[in-house]
>>> print(open('model-v1.csv').read())   # CSV, C-alpha atoms
chain,number,residue,atom,x,y,z
A,1,VAL,CA,31.4,-13.4,-9.6
A,2,ASP,CA,29.7,-13.6,-6.2
A,3,PHE,CA,26.3,-14.7,-7.4
A,4,SER,CA,24.8,-14.4,-3.9
A,5,GLU,CA,25.7,-10.7,-3.9
A,6,VAL,CA,24.3,-10.3,-7.5
A,7,LYS,CA,21.0,-12.0,-6.3
A,8,GLY,CA,20.9,-9.7,-3.3
A,9,GLN,CA,21.3,-6.6,-5.4
A,10,ALA,CA,18.6,-7.8,-7.8
A,11,ALA,CA,16.2,-8.4,-4.9
A,12,ALA,CA,17.0,-4.9,-3.5
A,13,LYS,CA,16.3,-3.4,-6.9
A,14,ARG,CA,13.0,-5.2,-7.2
A,15,ALA,CA,12.0,-4.0,-3.7
A,16,VAL,CA,12.8,-0.4,-4.7
A,17,GLU,CA,10.8,-0.7,-7.9
A,18,VAL,CA,7.7,-2.1,-6.2
A,19,ALA,CA,8.0,0.4,-3.2
A,20,VAL,CA,8.3,3.4,-5.5
A,21,SER,CA,5.4,2.2,-7.7
A,22,GLY,CA,3.2,1.5,-4.7
A,23,GLY,CA,4.2,4.8,-3.1
A,24,HIS,CA,3.3,6.8,-6.2
A,25,ASN,CA,-0.1,5.1,-6.5
A,26,LEU,CA,-0.9,5.8,-2.9
A,27,LEU,CA,0.3,9.4,-3.4
A,28,LEU,CA,-2.2,9.9,-6.1
A,29,LEU,CA,-5.1,8.4,-4.2
A,30,GLY,CA,-4.6,10.2,-0.9
A,31,PRO,CA,-5.3,13.9,-1.6
A,32,PRO,CA,-8.9,13.4,-2.8
A,33,PHE,CA,-9.8,11.4,0.3
A,34,VAL,CA,-8.2,14.0,2.5
A,35,PHE,CA,-10.3,16.7,0.8
A,36,PHE,CA,-13.5,14.8,1.2
A,37,TYR,CA,-12.9,13.9,4.8
A,38,PHE,CA,-12.2,17.5,5.7
A,39,TYR,CA,-15.3,18.5,3.7
A,40,PHE,CA,-17.5,16.1,5.6
A,41,ASP,CA,-16.0,17.4,8.9
A,42,LEU,CA,-14.1,14.3,9.8
A,43,PRO,CA,-10.7,15.7,10.7
A,44,GLY,CA,-9.4,12.5,12.4
A,45,ALA,CA,-9.7,10.5,9.2
A,46,ALA,CA,-8.3,13.4,7.1
A,47,TRP,CA,-5.3,13.8,9.3
A,48,SER,CA,-4.6,10.0,9.4
A,49,ILE,CA,-4.3,10.0,5.6
A,50,THR,CA,-2.3,13.3,5.6
A,51,ILE,CA,0.2,11.8,8.0
A,52,ALA,CA,0.4,8.6,6.0
A,53,GLU,CA,1.0,10.7,2.8
A,54,GLY,CA,3.7,12.6,4.5
A,55,LEU,CA,5.5,9.4,5.5
A,56,ASN,CA,5.0,8.2,1.9
A,57,VAL,CA,6.6,11.3,0.5
A,58,LEU,CA,9.5,11.0,3.0
A,59,ALA,CA,10.0,7.3,2.0
A,60,LEU,CA,9.9,8.1,-1.8
A,61,VAL,CA,12.6,10.8,-1.2
A,62,GLN,CA,14.8,8.4,0.7
A,63,LEU,CA,14.4,5.7,-1.9
A,64,ALA,CA,15.3,8.2,-4.6
A,65,ARG,CA,18.5,8.9,-2.5
A,66,ARG,CA,19.2,5.1,-2.6
A,67,LYS,CA,18.6,4.6,1.1
A,68,ASN,CA,17.7,1.2,2.6
A,69,PRO,CA,14.7,-0.1,0.6
A,70,ILE,CA,13.6,-2.4,3.4
A,71,THR,CA,13.3,0.4,6.0
A,72,TRP,CA,11.5,2.8,3.7
A,73,GLY,CA,9.4,0.1,2.2
A,74,TRP,CA,8.1,-0.7,5.7
A,75,VAL,CA,7.4,3.0,6.2
A,76,ILE,CA,5.1,3.0,3.1
A,77,VAL,CA,3.3,-0.2,4.2
A,78,LEU,CA,2.9,0.9,7.8
A,79,GLY,CA,1.8,4.3,6.8
A,80,LEU,CA,-0.9,2.8,4.6
A,81,LEU,CA,-2.0,0.5,7.4
A,82,GLY,CA,-2.3,3.4,9.8
A,83,ALA,CA,-4.3,5.5,7.3
A,84,ILE,CA,-6.7,2.6,6.8
A,85,PHE,CA,-7.3,2.0,10.5
A,86,GLY,CA,-7.5,5.8,11.1
A,87,THR,CA,-10.4,6.1,8.6
A,88,LEU,CA,-12.4,2.9,9.3
A,89,TYR,CA,-14.3,4.5,12.2
A,90,ALA,CA,-15.7,7.2,9.8
A,91,ALA,CA,-17.6,4.7,7.7
A,92,GLY,CA,-18.9,2.2,10.2
A,93,GLY,CA,-16.0,0.4,11.8
A,94,LEU,CA,-15.9,-3.3,11.1
A,95,ARG,CA,-18.9,-2.9,8.7
A,96,SER,CA,-17.0,-0.3,6.7
A,97,PRO,CA,-16.2,-1.1,3.1
A,98,GLY,CA,-12.9,0.5,3.9
A,99,CYS,CA,-11.9,-3.0,5.2
A,100,ALA,CA,-11.3,-3.9,1.6
A,101,TRP,CA,-8.2,-1.7,1.8
A,102,LEU,CA,-6.8,-4.0,4.5
A,103,LEU,CA,-6.0,-6.6,1.8
A,104,LEU,CA,-3.7,-4.2,0.1
A,105,SER,CA,-1.1,-3.9,2.9
A,106,PRO,CA,-0.2,-7.6,3.1
A,107,LEU,CA,-0.1,-7.8,-0.7
A,108,LEU,CA,2.3,-4.9,-0.9
A,109,ALA,CA,4.4,-6.3,2.0
A,110,CYS,CA,4.5,-9.7,0.2
A,111,TYR,CA,5.8,-8.1,-3.0
A,112,LEU,CA,8.4,-6.1,-1.0
A,113,PHE,CA,9.5,-8.5,1.7
A,114,GLY,CA,8.2,-12.0,0.7
A,115,PHE,CA,6.0,-14.2,2.8
A,116,GLY,CA,7.5,-13.1,6.1
A,117,GLY,CA,6.6,-9.5,5.4
A,118,ALA,CA,3.0,-10.5,4.4
A,119,ALA,CA,2.7,-12.6,7.6
A,120,VAL,CA,3.8,-9.6,9.8
A,121,THR,CA,1.4,-7.2,8.1
A,122,ALA,CA,-1.4,-9.7,8.3
A,123,MET,CA,-0.8,-10.1,12.0
A,124,LEU,CA,-0.9,-6.3,12.5
A,125,THR,CA,-4.1,-6.2,10.4
A,126,VAL,CA,-5.8,-8.9,12.5
A,127,THR,CA,-4.7,-7.2,15.7
A,128,GLY,CA,-6.2,-3.9,14.5
A,129,LEU,CA,-9.4,-5.6,13.5
A,130,ALA,CA,-9.5,-7.3,16.9
A,131,SER,CA,-9.2,-3.9,18.6
A,132,TYR,CA,-12.1,-2.5,16.6
A,133,ALA,CA,-14.1,-5.7,17.4
A,134,MET,CA,-13.5,-5.3,21.2
A,135,TRP,CA,-14.3,-1.6,21.0
A,136,GLU,CA,-17.6,-2.3,19.3
A,137,GLN,CA,-18.4,-5.2,21.7
A,138,ALA,CA,-17.9,-2.8,24.6
A,139,PHE,CA,-19.6,0.4,23.2
A,140,GLY,CA,-21.8,-0.8,20.4
A,141,PRO,CA,-21.4,-0.6,16.6
A,142,ILE,CA,-19.7,2.4,15.1
A,143,PRO,CA,-22.2,4.4,13.0
A,144,HIS,CA,-21.5,5.6,9.4
A,145,LEU,CA,-20.6,9.2,10.0
A,146,LEU,CA,-21.2,10.4,6.4
A,147,PRO,CA,-24.6,11.9,5.5
A,148,LEU,CA,-27.1,9.1,4.7
A,149,PRO,CA,-27.7,10.2,1.0
A,150,LEU,CA,-24.0,9.9,0.2
A,151,GLN,CA,-23.2,6.7,2.0
A,152,ASN,CA,-23.8,4.3,-1.0
A,153,ALA,CA,-21.7,6.4,-3.3
A,154,TRP,CA,-19.0,6.7,-0.7
A,155,ASN,CA,-19.0,3.0,-0.1
A,156,PHE,CA,-18.7,2.3,-3.8
A,157,LEU,CA,-15.8,4.8,-4.1
A,158,ILE,CA,-13.9,3.2,-1.2
A,159,VAL,CA,-14.2,-0.4,-2.6
A,160,ALA,CA,-13.6,0.7,-6.2
A,161,THR,CA,-10.4,2.5,-5.3
A,162,ALA,CA,-9.2,-0.5,-3.2
A,163,VAL,CA,-9.7,-2.8,-6.2
A,164,LEU,CA,-8.0,-0.4,-8.6
A,165,ALA,CA,-5.0,0.1,-6.2
A,166,THR,CA,-4.6,-3.6,-5.9
A,167,LEU,CA,-4.7,-4.1,-9.6
A,168,SER,CA,-2.2,-1.3,-10.2
A,169,ILE,CA,0.3,-2.7,-7.7
A,170,THR,CA,-0.1,-6.2,-9.1
A,171,ASN,CA,0.4,-4.8,-12.6
A,172,SER,CA,3.6,-3.0,-11.6
A,173,TRP,CA,4.9,-6.3,-10.1
A,174,MET,CA,4.1,-8.3,-13.2
A,175,ALA,CA,5.7,-5.6,-15.5
A,176,MET,CA,8.8,-5.7,-13.3
A,177,LEU,CA,9.0,-9.5,-13.5
A,178,GLN,CA,8.7,-9.3,-17.3
A,179,ARG,CA,11.5,-6.8,-17.5
A,180,GLU,CA,13.7,-8.9,-15.3
A,181,ARG,CA,13.0,-12.0,-17.5
A,182,LYS,CA,13.9,-10.1,-20.6
A,183,ARG,CA,17.1,-8.8,-19.1
A,184,GLN,CA,18.0,-12.4,-18.1
A,185,SER,CA,17.2,-13.7,-21.5
A,186,ASP,CA,19.3,-11.0,-23.2
A,187,ALA,CA,22.2,-11.7,-20.9
A,188,GLU,CA,22.0,-15.5,-21.7
A,189,ARG,CA,21.8,-14.8,-25.4
A,190,MET,CA,24.9,-12.5,-25.2
A,191,LEU,CA,26.8,-15.1,-23.2
A,192,SER,CA,25.8,-17.8,-25.7
A,193,LYS,CA,26.9,-15.6,-28.6
A,194,ALA,CA,30.2,-14.8,-26.9
A,195,ILE,CA,30.9,-18.5,-26.2
A,196,GLY,CA,29.9,-19.3,-29.8
>>> encode(input="model-v1.csv", output="structure tokens")
Amino acid sequence: VDFSEVKGQAAAKRAVEVAVSGGHNLLLLGPPFVFFYFYFDLPGAAWSITIAEGLNVLALVQLARRKNPITWGWVIVLGLLGAIFGTLYAAGGLRSPGCAWLLLSPLLACYLFGFGGAAVTAMLTVTGLASYAMWEQAFGPIPHLLPLPLQNAWNFLIVATAVLATLSITNSWMAMLQRERKRQSDAERMLSKAIG
């Protein structure tokens, strides 16, 4: 048995499981935000989420067809990152609570691609934040574009969904690791029984 090939297949299977789980979670969260951004007449933010959701659906279809999980995992991660940066201006730029979502992309990339993926995503995140910082330094702070009476509720919703999405992806990862440990334990028990 070529154990390196078996380990590679196991890693690819893990990447697919995490990518599909993350993609489904993001697919559920996107439409309400698209609706609300269109409702508040913020089409740029709404379209950035719509495009990210379209890429997400495309990636999930390709993963279901057993296409390269690395490529389509990156599509999900970069789509999420694009949606976050596309919506930050609507709620105050660098002061937006939407910045909490920026922690989710490196976390998802870490689960999918290891530390290297997390490092690349973190560099992209820092670059995007630096762009916002330079813009605000040159032109002044970006105002919160939602109506004043709704801003606190909206800020709470943004942070709460970021926390719940992080918890959901972490839970999927832990459940997948437990299943893998159980499979390994079952295989070892069967091998021990056969040898016995």
>>> atom_distance(input="model-v1.csv", atom1="CA of Pro97 (chain A)", atom2="CA of Ala52 (chain A)")
19.4 Å
>>> closest_residue(input="model-v1.csv", among="A:Leu107, A:Pro69, A:Leu88, A:Ser21", to="Ala119 (chain A)", atoms="all atoms listed in the file")
A:Leu107
>>> residues_around(input="model-v1.csv", residues="region 77-86 of chain A", least_positions_apart="3", cutoff="8 Å", atoms="only C-alpha atoms", output="VMD selection string")
chain A and resid 44 to 45 48 to 49 51 to 53 55 to 56 73 to 74 89 98 to 99 101 to 102 105 108 to 109 125 128
>>> closest_residue(input="model-v1.csv", among="A:Ala165, A:Leu94, A:Leu104, A:Leu157", to="Tyr132 (chain A)", atoms="all atoms listed in the file")
A:Leu94
>>> closest_residue(input="model-v1.csv", among="A:Ser192, A:Gln178, A:Ser168, A:Thr87", to="Asn25 (chain A)", atoms="all atoms listed in the file")
A:Ser168
>>> closest_residue(input="model-v1.csv", among="A:Leu145, A:Ala138, A:Ile70, A:Ala122", to="Ala90 (chain A)", atoms="all atoms listed in the file")
A:Leu145
>>> residues_around(input="model-v1.csv", residues="Ala100 (chain A)", least_positions_apart="5", cutoff="10 Å", atoms="all atoms listed in the file", output="PyMOL selection string")
chain A and resi 84+158-163
>>> write_last_selection(input="model-v1.csv", atoms="C-alpha atoms", output="PDB file, in the coordinates of the input")
ATOM      1  CA  ILE A  84      -6.700   2.600   6.800  1.00  0.00           C
ATOM      2  CA  ILE A 158     -13.900   3.200  -1.200  1.00  0.00           C
ATOM      3  CA  VAL A 159     -14.200  -0.400  -2.600  1.00  0.00           C
ATOM      4  CA  ALA A 160     -13.600   0.700  -6.200  1.00  0.00           C
ATOM      5  CA  THR A 161     -10.400   2.500  -5.300  1.00  0.00           C
ATOM      6  CA  ALA A 162      -9.200  -0.500  -3.200  1.00  0.00           C
ATOM      7  CA  VAL A 163      -9.700  -2.800  -6.200  1.00  0.00           C
TER       8      VAL A 163
END
>>> atom_distance(input="model-v1.csv", atom1="CA of Leu58 (chain A)", atom2="CA of Ile76 (chain A)")
9.1 Å
>>> atom_distance(input="model-v1.csv", atom1="CA of Val20 (chain A)", atom2="CA of Thr121 (chain A)")
18.6 Å
>>> closest_residue(input="model-v1.csv", among="A:Gly30, A:Pro106, A:Gly23, A:Gly116", to="Leu60 (chain A)", atoms="all atoms listed in the file")
A:Gly23
>>> closest_residue(input="model-v1.csv", among="A:Thr170, A:Leu164, A:Trp154, A:Phe33", to="Ser96 (chain A)", atoms="all atoms listed in the file")
A:Trp154
>>> axis_aligned_box(input="model-v1.csv", around="region 18-36 of chain A", padding_each_side="5 Å", output="JSON")
{"center_x": -2.6, "center_y": 7.3, "center_z": -2.6, "size_x": 31.8, "size_y": 28.8, "size_z": 20.2}
>>> decode(input="model-v1.csv", residues="region 63-77 of chain A", atoms="all heavy atoms", output="CSV table (one decimal), in the first residue's frame")
chain,number,residue,atom,x,y,z
A,63,LEU,N,-17.4,20.8,-6.6
A,63,LEU,CA,-17.0,19.9,-5.6
A,63,LEU,C,-17.9,18.6,-5.6
A,63,LEU,O,-17.4,17.5,-5.4
A,63,LEU,CB,-17.0,20.5,-4.2
A,63,LEU,CG,-15.9,21.6,-4.0
A,63,LEU,CD1,-16.2,22.4,-2.7
A,63,LEU,CD2,-14.6,20.9,-3.9
A,64,ALA,N,-19.1,18.8,-5.9
A,64,ALA,CA,-20.0,17.7,-6.0
A,64,ALA,C,-19.7,16.8,-7.2
A,64,ALA,O,-19.9,15.6,-7.2
A,64,ALA,CB,-21.5,18.1,-6.1
A,65,ARG,N,-19.1,17.4,-8.2
A,65,ARG,CA,-18.7,16.7,-9.4
A,65,ARG,C,-17.2,16.2,-9.3
A,65,ARG,O,-16.6,15.7,-10.2
A,65,ARG,CB,-18.7,17.6,-10.7
A,65,ARG,CG,-20.2,18.0,-11.0
A,65,ARG,CD,-20.2,19.1,-12.1
A,65,ARG,NE,-19.7,18.5,-13.3
A,65,ARG,CZ,-19.5,19.3,-14.4
A,65,ARG,NH1,-19.6,20.6,-14.3
A,65,ARG,NH2,-19.0,18.7,-15.5
A,66,ARG,N,-16.7,16.2,-8.0
A,66,ARG,CA,-15.4,15.7,-7.7
A,66,ARG,C,-14.2,16.4,-8.4
A,66,ARG,O,-13.2,15.8,-8.8
A,66,ARG,CB,-15.3,14.2,-7.9
A,66,ARG,CG,-16.3,13.4,-7.0
A,66,ARG,CD,-16.1,12.0,-7.2
A,66,ARG,NE,-17.1,11.2,-6.5
A,66,ARG,CZ,-17.1,10.9,-5.2
A,66,ARG,NH1,-16.1,11.4,-4.4
A,66,ARG,NH2,-18.1,10.2,-4.6
A,67,LYS,N,-14.4,17.7,-8.6
A,67,LYS,CA,-13.3,18.5,-9.2
A,67,LYS,C,-12.3,18.9,-8.1
A,67,LYS,O,-12.5,18.6,-7.0
A,67,LYS,CB,-13.9,19.8,-9.9
A,67,LYS,CG,-14.9,19.5,-11.0
A,67,LYS,CD,-14.2,18.8,-12.2
A,67,LYS,CE,-15.2,18.6,-13.3
A,67,LYS,NZ,-14.7,17.9,-14.4
A,68,ASN,N,-11.2,19.5,-8.5
A,68,ASN,CA,-10.1,19.8,-7.6
A,68,ASN,C,-10.6,20.6,-6.4
A,68,ASN,O,-11.0,21.7,-6.5
A,68,ASN,CB,-9.1,20.6,-8.4
A,68,ASN,CG,-7.8,20.8,-7.6
A,68,ASN,OD1,-7.8,20.7,-6.4
A,68,ASN,ND2,-6.7,21.1,-8.3
A,69,PRO,N,-10.5,20.0,-5.2
A,69,PRO,CA,-11.0,20.7,-4.0
A,69,PRO,C,-10.1,21.9,-3.6
A,69,PRO,O,-10.6,22.8,-3.0
A,69,PRO,CB,-10.9,19.6,-2.9
A,69,PRO,CG,-9.9,18.6,-3.4
A,69,PRO,CD,-10.0,18.6,-4.9
A,70,ILE,N,-8.8,21.9,-4.0
A,70,ILE,CA,-8.0,23.0,-3.7
A,70,ILE,C,-8.4,24.3,-4.5
A,70,ILE,O,-8.7,25.3,-3.9
A,70,ILE,CB,-6.5,22.7,-4.0
A,70,ILE,CG1,-6.0,21.5,-3.2
A,70,ILE,CG2,-5.6,23.9,-3.7
A,70,ILE,CD1,-6.1,21.6,-1.7
A,71,THR,N,-8.6,24.1,-5.7
A,71,THR,CA,-9.1,25.2,-6.6
A,71,THR,C,-10.4,25.8,-6.1
A,71,THR,O,-10.6,27.0,-5.9
A,71,THR,CB,-9.2,24.7,-8.1
A,71,THR,OG1,-7.9,24.3,-8.5
A,71,THR,CG2,-9.7,25.9,-9.0
A,72,TRP,N,-11.4,24.9,-5.9
A,72,TRP,CA,-12.7,25.3,-5.6
A,72,TRP,C,-12.8,25.7,-4.1
A,72,TRP,O,-13.7,26.6,-3.8
A,72,TRP,CB,-13.7,24.3,-6.0
A,72,TRP,CG,-13.7,24.1,-7.5
A,72,TRP,CD1,-13.1,23.1,-8.2
A,72,TRP,CD2,-14.2,25.1,-8.5
A,72,TRP,NE1,-13.2,23.4,-9.6
A,72,TRP,CE2,-13.9,24.6,-9.7
A,72,TRP,CE3,-14.8,26.3,-8.3
A,72,TRP,CZ2,-14.2,25.3,-10.9
A,72,TRP,CZ3,-15.1,27.0,-9.5
A,72,TRP,CH2,-14.8,26.5,-10.8
A,73,GLY,N,-12.0,25.2,-3.3
A,73,GLY,CA,-11.9,25.7,-1.9
A,73,GLY,C,-11.5,27.2,-1.9
A,73,GLY,O,-12.0,28.0,-1.2
A,74,TRP,N,-10.4,27.5,-2.7
A,74,TRP,CA,-10.0,28.9,-2.8
A,74,TRP,C,-11.0,29.8,-3.4
A,74,TRP,O,-11.1,30.9,-3.0
A,74,TRP,CB,-8.7,28.9,-3.7
A,74,TRP,CG,-7.5,28.7,-2.9
A,74,TRP,CD1,-6.6,27.7,-3.1
A,74,TRP,CD2,-6.9,29.6,-1.9
A,74,TRP,NE1,-5.5,27.8,-2.1
A,74,TRP,CE2,-5.7,29.0,-1.4
A,74,TRP,CE3,-7.4,30.7,-1.3
A,74,TRP,CZ2,-5.0,29.5,-0.4
A,74,TRP,CZ3,-6.6,31.3,-0.2
A,74,TRP,CH2,-5.4,30.7,0.2
A,75,VAL,N,-11.9,29.3,-4.3
A,75,VAL,CA,-12.9,30.1,-4.9
A,75,VAL,C,-13.9,30.5,-3.7
A,75,VAL,O,-14.3,31.6,-3.7
A,75,VAL,CB,-13.7,29.3,-6.0
A,75,VAL,CG1,-15.0,30.0,-6.4
A,75,VAL,CG2,-12.8,29.2,-7.2
A,76,ILE,N,-14.2,29.5,-2.8
A,76,ILE,CA,-15.1,29.8,-1.7
A,76,ILE,C,-14.5,30.9,-0.8
A,76,ILE,O,-15.1,31.9,-0.4
A,76,ILE,CB,-15.5,28.6,-1.0
A,76,ILE,CG1,-16.4,27.7,-1.8
A,76,ILE,CG2,-16.2,28.9,0.4
A,76,ILE,CD1,-16.6,26.3,-1.2
A,77,VAL,N,-13.2,30.7,-0.4
A,77,VAL,CA,-12.5,31.6,0.5
A,77,VAL,C,-12.4,33.0,-0.1
A,77,VAL,O,-12.7,34.0,0.6
A,77,VAL,CB,-11.1,31.0,0.9
A,77,VAL,CG1,-10.3,32.0,1.6
A,77,VAL,CG2,-11.3,29.8,1.7
